[in-house]
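Content type mmCIF, C-alpha atoms, from the file start-v4.cif:
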```
data_my_file
#
loop_
_atom_site.label_atom_id
_atom_site.label_comp_id
_atom_site.auth_asym_id
_atom_site.auth_seq_id
_atom_site.Cartn_x
_atom_site.Cartn_y
_atom_site.Cartn_z
CA MET V 15 -14.36 34.59 -51.27
CA SER V 16 -17.49 32.86 -52.54
CA ASP V 17 -17.16 30.40 -55.44
CA THR V 18 -20.62 31.43 -56.67
CA SER V 19 -20.71 34.26 -59.21
CA PRO V 20 -23.41 36.97 -59.11
CA LEU V 21 -24.96 35.42 -62.25
CA GLN V 22 -25.06 31.97 -60.64
CA LYS V 23 -26.63 33.43 -57.51
CA LYS V 24 -29.23 35.19 -59.64
CA GLN V 25 -30.01 31.97 -61.55
CA LYS V 26 -30.30 30.05 -58.27
CA MET V 27 -32.72 32.62 -56.89
CA GLU V 28 -34.75 32.54 -60.09
CA HIS V 29 -35.09 28.75 -59.87
CA GLN V 30 -35.68 28.54 -56.12
CA LYS V 31 -38.86 26.56 -55.54
CA ILE V 32 -41.44 27.87 -53.09
CA ILE V 33 -43.72 25.78 -50.87
CA GLY V 34 -46.88 27.47 -49.67
CA THR V 35 -48.96 26.72 -46.59
CA HIS V 36 -51.21 28.72 -44.29
CA ASN V 37 -49.99 31.17 -41.69
CA GLY V 38 -51.10 31.47 -38.07
CA THR V 39 -51.44 28.50 -35.75
CA PHE V 40 -49.83 25.39 -37.20
CA HIS V 41 -50.48 21.67 -36.88
CA CYS V 42 -48.56 18.45 -37.20
CA ASP V 43 -49.81 17.57 -40.67
CA GLU V 44 -48.57 20.60 -42.60
CA ALA V 45 -45.37 20.76 -40.54
CA LEU V 46 -44.59 17.21 -41.68
CA ALA V 47 -45.84 17.83 -45.23
CA VAL V 48 -43.38 20.70 -45.66
CA PHE V 49 -40.52 18.60 -44.31
CA LEU V 50 -41.38 15.70 -46.61
CA LEU V 51 -41.47 17.92 -49.67
CA ARG V 52 -37.99 19.20 -48.84
CA GLN V 53 -36.74 15.60 -48.98
CA THR V 54 -37.70 15.33 -52.65
CA LYS V 55 -35.48 16.20 -55.59
CA SER V 56 -37.86 18.90 -56.81
CA PHE V 57 -38.15 20.74 -53.50
CA THR V 58 -34.79 20.26 -51.80
CA GLY V 59 -33.93 23.56 -50.13
CA ALA V 60 -37.24 25.12 -51.16
CA ASP V 61 -38.34 28.37 -49.56
CA LEU V 62 -41.55 28.51 -47.55
CA LYS V 63 -44.37 31.05 -47.65
CA ARG V 64 -46.98 30.93 -44.91
CA SER V 65 -50.07 32.88 -45.92
CA ARG V 66 -53.77 32.61 -46.68
CA ASP V 67 -53.57 35.26 -49.41
CA PRO V 68 -54.60 33.52 -52.67
CA ALA V 69 -52.39 35.83 -54.70
CA LEU V 70 -49.31 34.89 -52.69
CA LEU V 71 -50.18 31.20 -52.75
CA ASP V 72 -50.69 31.30 -56.53
CA GLY V 73 -47.04 32.32 -56.81
CA CYS V 74 -45.90 29.15 -55.02
CA ASP V 75 -44.77 26.04 -56.86
CA ILE V 76 -46.74 23.77 -54.52
CA VAL V 77 -49.32 24.48 -51.83
CA VAL V 78 -50.28 22.28 -48.87
CA ASP V 79 -53.06 22.45 -46.27
CA VAL V 80 -54.66 25.62 -47.62
CA GLY V 81 -56.57 26.77 -50.69
CA ALA V 82 -59.48 24.29 -50.66
CA ILE V 83 -58.10 22.43 -53.70
CA TYR V 84 -56.77 18.93 -54.14
CA ASP V 85 -55.25 18.63 -57.59
CA ALA V 86 -51.99 16.73 -57.79
CA ALA V 87 -51.33 17.84 -61.38
CA ALA V 88 -51.62 21.46 -60.27
CA GLN V 89 -49.51 20.78 -57.16
CA ARG V 90 -52.31 21.74 -54.78
CA PHE V 91 -52.79 19.54 -51.73
CA ASP V 92 -55.51 20.72 -49.35
CA HIS V 93 -57.98 18.49 -47.51
CA HIS V 94 -60.38 20.95 -45.86
CA GLN V 95 -62.80 21.45 -48.75
CA ARG V 96 -66.33 20.06 -48.82
CA GLY V 97 -66.52 16.71 -50.54
CA PHE V 98 -62.89 15.74 -49.91
CA GLU V 99 -62.79 12.03 -49.04
CA GLU V 100 -59.38 10.93 -50.32
CA VAL V 101 -57.80 7.96 -48.53
CA PHE V 102 -54.46 6.20 -48.86
CA GLY V 103 -55.97 2.98 -50.19
CA HIS V 104 -54.32 -0.45 -49.87
CA GLY V 105 -56.80 -1.29 -47.12
CA PHE V 106 -56.47 2.03 -45.27
CA THR V 107 -59.69 4.02 -44.96
CA THR V 108 -58.69 7.05 -42.85
CA LYS V 109 -59.29 10.37 -44.60
CA LEU V 110 -56.00 12.02 -45.52
CA SER V 111 -54.58 15.23 -44.12
CA SER V 112 -51.96 17.27 -45.95
CA ALA V 113 -49.30 14.94 -44.51
CA GLY V 114 -51.03 11.90 -45.96
CA LEU V 115 -51.59 13.58 -49.31
CA ILE V 116 -47.93 14.52 -49.69
CA TYR V 117 -46.83 11.11 -48.46
CA LYS V 118 -49.17 9.31 -50.87
CA HIS V 119 -47.74 11.17 -53.86
CA PHE V 120 -44.09 11.63 -52.84
CA GLY V 121 -43.47 8.97 -50.18
CA LYS V 122 -41.88 6.36 -52.43
CA GLU V 123 -39.42 8.89 -53.82
CA ILE V 124 -38.46 9.93 -50.28
CA ILE V 125 -38.03 6.34 -49.12
CA ALA V 126 -36.01 5.38 -52.20
CA ALA V 127 -33.66 8.31 -51.68
CA ARG V 128 -33.21 7.58 -47.98
CA THR V 129 -32.58 3.85 -48.48
CA GLN V 130 -30.62 4.19 -51.72
CA LEU V 131 -32.98 1.73 -53.43
CA PRO V 132 -34.67 2.07 -56.84
CA VAL V 133 -38.11 3.60 -56.45
CA ASP V 134 -39.70 0.51 -58.03
CA ASP V 135 -37.94 -1.90 -55.65
CA PRO V 136 -40.55 -4.06 -53.83
CA LYS V 137 -38.85 -3.14 -50.54
CA VAL V 138 -39.69 0.52 -51.15
CA HIS V 139 -43.35 -0.40 -51.60
CA THR V 140 -43.29 -2.48 -48.40
CA LEU V 141 -41.73 0.40 -46.44
CA TRP V 142 -44.18 2.89 -47.99
CA LEU V 143 -47.13 0.91 -46.67
CA LYS V 144 -45.50 0.24 -43.29
CA MET V 145 -44.64 3.90 -42.70
CA TYR V 146 -48.18 4.92 -43.49
CA GLN V 147 -49.55 2.34 -41.06
CA GLU V 148 -47.13 3.12 -38.25
CA PHE V 149 -46.56 6.87 -38.60
CA ILE V 150 -48.61 8.84 -41.11
CA GLU V 151 -52.10 7.45 -40.56
CA ALA V 152 -52.28 8.58 -36.94
CA ILE V 153 -51.41 12.13 -38.03
CA ASP V 154 -54.13 12.03 -40.70
CA ALA V 155 -56.68 10.79 -38.18
CA ASN V 156 -55.70 13.35 -35.55
CA ASP V 157 -55.97 16.28 -37.92
CA ASN V 158 -59.34 15.10 -39.23
CA GLY V 159 -60.74 14.51 -35.73
CA ILE V 160 -61.02 10.73 -36.07
CA SER V 161 -60.85 8.88 -32.75
CA ARG V 162 -59.18 5.52 -32.33
CA TYR V 163 -62.22 4.17 -30.49
CA PRO V 164 -65.90 5.11 -30.02
CA THR V 165 -66.36 8.49 -28.34
CA GLU V 166 -68.70 7.05 -25.69
CA ILE V 167 -65.75 5.17 -24.19
CA LYS V 168 -64.08 7.36 -21.58
CA PRO V 169 -60.26 7.14 -21.62
CA LEU V 170 -58.68 5.92 -18.39
CA TYR V 171 -56.00 8.61 -18.62
CA LYS V 172 -54.99 11.62 -20.67
CA SER V 173 -52.05 11.52 -23.08
CA SER V 174 -50.42 14.68 -24.40
CA THR V 175 -47.06 13.25 -25.45
CA ASP V 176 -48.01 12.12 -28.98
CA LEU V 177 -46.43 13.92 -31.92
CA PRO V 178 -49.43 16.17 -32.78
CA SER V 179 -49.60 17.28 -29.14
CA ARG V 180 -45.91 18.13 -29.06
CA VAL V 181 -46.24 20.09 -32.29
CA SER V 182 -49.23 21.93 -30.85
CA SER V 183 -47.19 22.90 -27.79
CA LEU V 184 -44.72 24.72 -30.05
CA ASN V 185 -47.38 27.30 -30.90
CA PRO V 186 -47.07 30.42 -28.72
CA ALA V 187 -49.28 30.42 -25.64
CA TRP V 188 -52.15 32.90 -25.46
CA ASN V 189 -50.03 35.36 -23.42
CA GLN V 190 -46.85 35.10 -25.50
CA PRO V 191 -45.83 37.05 -28.60
CA CYS V 192 -47.78 35.77 -31.60
CA ASP V 193 -46.40 37.83 -34.49
CA ALA V 194 -45.68 36.31 -37.90
CA GLN V 195 -41.94 36.05 -37.33
CA THR V 196 -42.40 34.17 -34.05
CA LEU V 197 -44.90 31.78 -35.61
CA ASP V 198 -42.65 31.15 -38.60
CA THR V 199 -39.72 30.40 -36.29
CA GLN V 200 -41.80 28.00 -34.25
CA PHE V 201 -43.19 26.37 -37.39
CA ALA V 202 -39.62 25.64 -38.52
CA LYS V 203 -39.01 23.89 -35.19
CA ALA V 204 -42.22 21.88 -35.62
CA SER V 205 -41.28 20.83 -39.14
CA ALA V 206 -37.83 19.73 -37.95
CA LEU V 207 -39.40 17.81 -35.05
CA THR V 208 -41.87 15.91 -37.22
CA GLY V 209 -39.27 15.26 -39.90
CA GLY V 210 -36.67 14.00 -37.48
CA GLU V 211 -39.11 11.49 -36.05
CA PHE V 212 -40.25 10.45 -39.53
CA LEU V 213 -36.67 9.75 -40.63
CA ALA V 214 -35.83 7.93 -37.39
CA LYS V 215 -38.86 5.69 -37.82
CA LEU V 216 -38.03 5.10 -41.50
CA ASP V 217 -34.43 4.21 -40.63
CA PHE V 218 -35.66 1.69 -38.07
CA TYR V 219 -38.03 0.00 -40.48
CA ALA V 220 -35.47 0.00 -43.30
CA ASN V 221 -32.46 -1.14 -41.26
CA ALA V 222 -33.99 -3.35 -38.54
CA TRP V 223 -37.60 -4.24 -39.30
CA LEU V 224 -37.21 -5.08 -42.99
CA PRO V 225 -34.10 -7.29 -42.59
CA ALA V 226 -36.01 -9.27 -39.95
CA ARG V 227 -38.80 -9.87 -42.46
CA ASP V 228 -36.30 -11.23 -44.98
CA LEU V 229 -34.73 -13.50 -42.35
CA LEU V 230 -38.15 -14.83 -41.32
CA ILE V 231 -39.07 -15.61 -44.93
CA ASP V 232 -35.82 -17.56 -45.23
CA ALA V 233 -36.45 -19.33 -41.90
CA LEU V 234 -39.97 -20.32 -42.95
CA GLN V 235 -38.65 -21.94 -46.11
CA LYS V 236 -35.78 -23.75 -44.38
CA SER V 237 -38.02 -24.91 -41.52
CA LYS V 238 -40.47 -26.45 -43.94
CA GLU V 239 -37.63 -28.20 -45.77
CA ASN V 240 -35.60 -29.36 -42.76
CA VAL V 241 -37.69 -29.23 -39.59
CA ASP V 242 -41.42 -29.70 -40.21
CA ALA V 243 -42.93 -30.19 -43.65
CA THR V 244 -46.37 -29.08 -42.47
CA GLY V 245 -45.13 -25.57 -41.70
CA LYS V 246 -46.44 -25.73 -38.13
CA LEU V 247 -42.99 -25.48 -36.56
CA ILE V 248 -40.62 -22.58 -37.27
CA LEU V 249 -36.96 -22.69 -36.25
CA LEU V 250 -35.11 -19.39 -35.96
CA GLU V 251 -31.35 -19.89 -35.77
CA GLN V 252 -31.09 -16.35 -34.36
CA PHE V 253 -33.62 -14.31 -32.45
CA LEU V 254 -35.58 -11.73 -34.44
CA PRO V 255 -38.91 -9.92 -34.01
CA TRP V 256 -41.04 -12.44 -35.88
CA LYS V 257 -44.61 -11.96 -34.73
CA GLY V 258 -45.66 -8.91 -36.73
CA HIS V 259 -43.91 -10.16 -39.83
CA LEU V 260 -45.54 -13.57 -39.63
CA PHE V 261 -49.03 -12.08 -39.53
CA ASP V 262 -48.13 -9.65 -42.34
CA LEU V 263 -46.98 -12.54 -44.50
CA GLU V 264 -50.17 -14.45 -43.73
CA ARG V 265 -52.32 -11.41 -44.59
CA GLU V 266 -50.42 -11.05 -47.84
CA SER V 267 -51.07 -14.77 -48.56
CA LEU V 268 -47.32 -15.40 -48.84
CA VAL V 269 -47.54 -18.18 -46.24
CA GLU V 270 -50.36 -20.39 -45.01
CA PRO V 271 -51.73 -19.53 -41.53
CA THR V 272 -50.60 -22.88 -40.13
CA SER V 273 -47.63 -21.85 -37.96
CA THR V 274 -48.11 -23.09 -34.40
CA TYR V 275 -44.80 -22.90 -32.53
CA VAL V 276 -41.63 -20.84 -32.99
CA VAL V 277 -38.32 -22.11 -31.59
CA TYR V 278 -35.49 -19.63 -30.96
CA SER V 279 -32.57 -18.95 -28.61
CA ASP V 280 -32.82 -16.42 -25.78
CA ASP V 281 -30.28 -13.96 -24.38
CA GLY V 282 -29.03 -16.47 -21.79
CA GLY V 283 -28.14 -19.18 -24.27
CA ASN V 284 -31.21 -21.30 -23.59
CA TRP V 285 -33.90 -22.06 -26.16
CA ARG V 286 -37.57 -21.10 -26.20
CA VAL V 287 -40.72 -22.61 -27.66
CA GLN V 288 -43.34 -19.92 -28.16
CA ALA V 289 -46.90 -20.58 -29.26
CA VAL V 290 -48.12 -18.43 -32.15
CA PRO V 291 -51.03 -16.23 -30.97
CA VAL V 292 -54.38 -16.20 -32.76
CA SER V 293 -53.66 -12.60 -33.80
CA GLU V 294 -50.72 -10.24 -33.49
CA ASP V 295 -52.02 -8.46 -30.37
CA SER V 296 -53.77 -11.41 -28.74
CA PHE V 297 -52.77 -13.23 -25.56
CA GLU V 298 -54.62 -16.32 -26.79
CA SER V 299 -52.51 -18.93 -28.56
CA ARG V 300 -53.41 -21.00 -31.59
CA LYS V 301 -52.30 -24.07 -29.62
CA PRO V 302 -50.92 -23.46 -26.12
CA LEU V 303 -48.31 -25.85 -24.79
CA PRO V 304 -49.99 -28.85 -23.10
CA GLU V 305 -51.89 -28.18 -19.89
CA ALA V 306 -49.96 -30.87 -18.00
CA TRP V 307 -46.72 -28.95 -18.56
CA ARG V 308 -47.94 -25.51 -17.55
CA GLY V 309 -46.38 -23.98 -14.48
CA VAL V 310 -43.91 -26.89 -14.12
CA ARG V 311 -40.14 -26.33 -14.06
CA ASP V 312 -36.75 -28.00 -14.42
CA ASP V 313 -36.45 -31.71 -13.58
CA ALA V 314 -40.16 -32.06 -12.83
CA LEU V 315 -40.95 -30.79 -16.32
CA SER V 316 -38.34 -33.07 -17.89
CA LYS V 317 -39.89 -36.01 -16.08
CA ILE V 318 -43.47 -35.46 -17.25
CA SER V 319 -42.52 -34.40 -20.79
CA GLY V 320 -39.74 -36.93 -21.36
CA VAL V 321 -37.45 -34.15 -22.66
CA GLU V 322 -34.07 -33.65 -20.98
CA GLY V 323 -32.90 -30.21 -19.97
CA CYS V 324 -36.29 -28.53 -19.57
CA VAL V 325 -36.35 -25.16 -17.83
CA PHE V 326 -40.01 -24.08 -17.62
CA VAL V 327 -43.41 -23.77 -19.24
CA HIS V 328 -45.42 -20.63 -18.47
CA ALA V 329 -48.64 -21.09 -16.53
CA SER V 330 -50.66 -19.93 -19.55
CA GLY V 331 -48.84 -22.26 -21.93
CA PHE V 332 -47.80 -19.53 -24.34
CA ILE V 333 -44.07 -20.16 -23.93
CA GLY V 334 -41.59 -22.68 -22.56
CA GLY V 335 -37.85 -23.11 -22.37
CA THR V 336 -35.12 -25.76 -22.52
CA LYS V 337 -31.34 -25.74 -22.27
CA THR V 338 -30.75 -26.92 -25.85
CA LYS V 339 -32.10 -26.40 -29.35
CA GLU V 340 -32.68 -30.13 -29.69
CA GLY V 341 -34.72 -30.15 -26.48
CA ALA V 342 -36.83 -27.19 -27.62
CA LEU V 343 -37.55 -28.87 -30.96
CA GLN V 344 -38.47 -32.10 -29.20
CA LEU V 345 -40.79 -30.23 -26.83
CA ALA V 346 -42.46 -28.48 -29.76
CA ARG V 347 -42.93 -31.69 -31.72
CA LEU V 348 -44.46 -33.43 -28.72
CA ALA V 349 -46.82 -30.48 -28.19
CA LEU V 350 -48.00 -30.66 -31.78
CA GLU V 351 -49.05 -34.27 -31.26
CA MET V 352 -50.87 -33.71 -27.96
#
```

Taking this structure as input, can you express it in the form of structure tokens?
Amino acid sequence: MSDTSPLQKKQKMEHQKIIGTHNGTFHCDEALAVFLLRQTKSFTGADLKRSRDPALLDGCDIVVDVGAIYDAAAQRFDHHQRGFEEVFGHGFTTKLSSAGLIYKHFGKEIIAARTQLPVDDPKVHTLWLKMYQEFIEAIDANDNGISRYPTEIKPLYKSSTDLPSRVSSLNPAWNQPCDAQTLDTQFAKASALTGGEFLAKLDFYANAWLPARDLLIDALQKSKENVDATGKLILLEQFLPWKGHLFDLERESLVEPTSTYVVYSDDGGNWRVQAVPVSEDSFESRKPLPEAWRGVRDDALSKISGVEGCVFVHASGFIGGTKTKEGALQLARLALEM
């Protein structure tokens, strides 16, 4: 027997929120927008109406990707209307889709709930920006027809495995049933797909990426106090993905852009000296390891460097290795002086 009385059921139905979006062929942006709204306190478990009928949409509590209106106070979030140029801000200039609009207004609440942090916690703000950069912006650009590179550049290959492409493939083919019920069923699958990937990405950034940032900040401070007062040499007592965080911290003016070498242990118990690149995606180093060491290994490297226990220096000078932490630090200090 149900624990819910007929009156309670009636009250629940009367207070059930309704999300509206357009019917017919669906896209990644509104599929994700609907999922995101259902992660908020106001729209948890909300029903969905897919229609272009203004009368039906007017009966919805919130409408996304249809209606030619962007008015957050009125809970209307479309981006197709003439004159719409809304962007995320914070240095991002890509025009928003319905996914970006919903994320801009509700993203912090969603992140705070998922991470169990206060919505005004600085970590929530950091994750909000990171998730836009790494997940949402590409969906905004795709839906608005914004290429990643100039159109005159011909791609070397075709990719149809990105999230918008996979959502598109959930629409019925031209020779398959395309009735409203089928489309609604497929839309639910698309919304679950986009949402699952959003949450997986958020969990990664909250549980792996963000802790690495905190550890790097701590390592930068300790390295300056105990290893190299100039800040050119960073010692990591445990390996962590440091490169992206270091450039983020420099862009945010939290550290000076002086870091030159990073020393850390590898999986085999040896230690590495890695040159900091000139930019996050560059193969060029700020200061490669000395030319005389490049491509030399083992005892020969120890002989010319004067450091015992050397293992190698890469031919490009971007990285080298030793058997001990002390040896790696000595190699890095020598390189700074050369």

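Shortest atom-to-atom contact with V:Gly103 among V:Leu250, V:Ala349, V:Val77, V:Leu143: V:Leu143, counting all atoms listed in the file.
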
### Picked residues, the PyMOL selection byres ((chain V and resi 50) around 8), as a ChimeraX atom specification
/V:46-49,51-54,116-117,120-121,124,209

#### Entry: Evaluate the PyMOL selection byres ((chain V and resi 253-269) around 8) and report residues as a PyMOL selection string
chain V and resi 223+226-227+230+250-252+270-271+278-280+290+293-294

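Comparing the minimum interatomic distances between V:Ser65 and each of V:Phe218, V:Leu197, V:Lys168, V:Ala155, counting only C-alpha atoms, we find that V:Leu197 sits nearest.
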
Surrounding residues of stretch 311-316 of chain V excluding itself and chain neighbours under 2 positions, 10 Å, all atoms listed in the file, as a CSV table (one decimal) with C-alpha atoms, keeping the file's coordinate frame:
```csv
chain,number,residue,atom,x,y,z
V,306,ALA,CA,-50.0,-30.9,-18.0
V,307,TRP,CA,-46.7,-29.0,-18.6
V,308,ARG,CA,-47.9,-25.5,-17.6
V,309,GLY,CA,-46.4,-24.0,-14.5
V,318,ILE,CA,-43.5,-35.5,-17.2
V,319,SER,CA,-42.5,-34.4,-20.8
V,320,GLY,CA,-39.7,-36.9,-21.4
V,321,VAL,CA,-37.4,-34.2,-22.7
V,322,GLU,CA,-34.1,-33.6,-21.0
V,323,GLY,CA,-32.9,-30.2,-20.0
V,324,CYS,CA,-36.3,-28.5,-19.6
V,325,VAL,CA,-36.4,-25.2,-17.8
V,326,PHE,CA,-40.0,-24.1,-17.6
V,327,VAL,CA,-43.4,-23.8,-19.2
V,328,HIS,CA,-45.4,-20.6,-18.5
V,334,GLY,CA,-41.6,-22.7,-22.6
V,335,GLY,CA,-37.8,-23.1,-22.4
V,336,THR,CA,-35.1,-25.8,-22.5
V,337,LYS,CA,-31.3,-25.7,-22.3
V,341,GLY,CA,-34.7,-30.2,-26.5
V,345,LEU,CA,-40.8,-30.2,-26.8
```

### Task
Evaluate the PyMOL selection byres ((chain V and resi 122) around 12) on the structure here and hand back the selected residues as a PyMOL selection string.
chain V and resi 50-51+53-54+116-121+123-146+216

### Task
Please provide as a list in words all residues within 9 Å of stretch 182-195 of chain V, with the sequence filter that same-chain residues fewer than 5 positions apart are discarded (counting all atoms listed in the file).
Asn37, Gly38, Thr39, Phe40, His41, Cys42, Arg64, Leu177, Gln200, Phe201, Lys203 and Ala204 of chain V

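For stretch 285-289 of chain V, the list of residues within 8 Å, based on only C-alpha atoms and with local chain neighbours fewer than 2 positions off taken out, reads Thr274, Tyr275, Val276, Val277, Tyr278, Ser279, Asp280, Gly283, Pro291, Ser299, Arg300, Lys301, Pro302, Leu303, Gly331, Phe332, Ile333, Gly334, Gly335, Thr336, Lys337, Thr338, Lys339, Ala342, Leu343, Leu345 and Ala346 of chain V.
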
### Summary
If you count all atoms listed in the file, the residue of V:Asp198, V:Glu340, V:Ser111, V:Glu44 closest to V:Ile160 turns out to be V:Ser111

### Task
Could you tell me which of V:Thr272, V:Ile33, V:Glu100, V:His94 comes closest to V:Ile76 if we count all atoms listed in the file?
V:Ile33

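A straight line drawn from atom CA of V:Glu211 to atom CA of V:Arg90 is 25.1 Å long.
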
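Interatomic distance, atom CA of V:Glu99 to atom CA of V:Phe149: 20.0 Å.
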
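Across V:Leu234, V:Ile167, V:Leu350, V:Leu207, the tightest approach to V:Arg180 is made by V:Leu207 when counting all atoms listed in the file.
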
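Atom CA of V:Asp92 is positioned 5.5 Å from atom CA of V:Val78.
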
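The shortest atom-to-atom distance to V:Asn156, with all atoms listed in the file taken into account, belongs to V:Asp43 out of V:Asp217, V:Asp242, V:Asp43, V:Asp61.
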
### Task
Please provide the set of residues having any atom within 10 Å of V:Gly81, restricted to only C-alpha atoms, with same-chain residues fewer than 5 positions apart removed, written as JSON, numbers by chain.
{"V": [34, 35, 36, 66, 67, 68, 71, 72, 90, 91, 92, 93, 94, 95]}
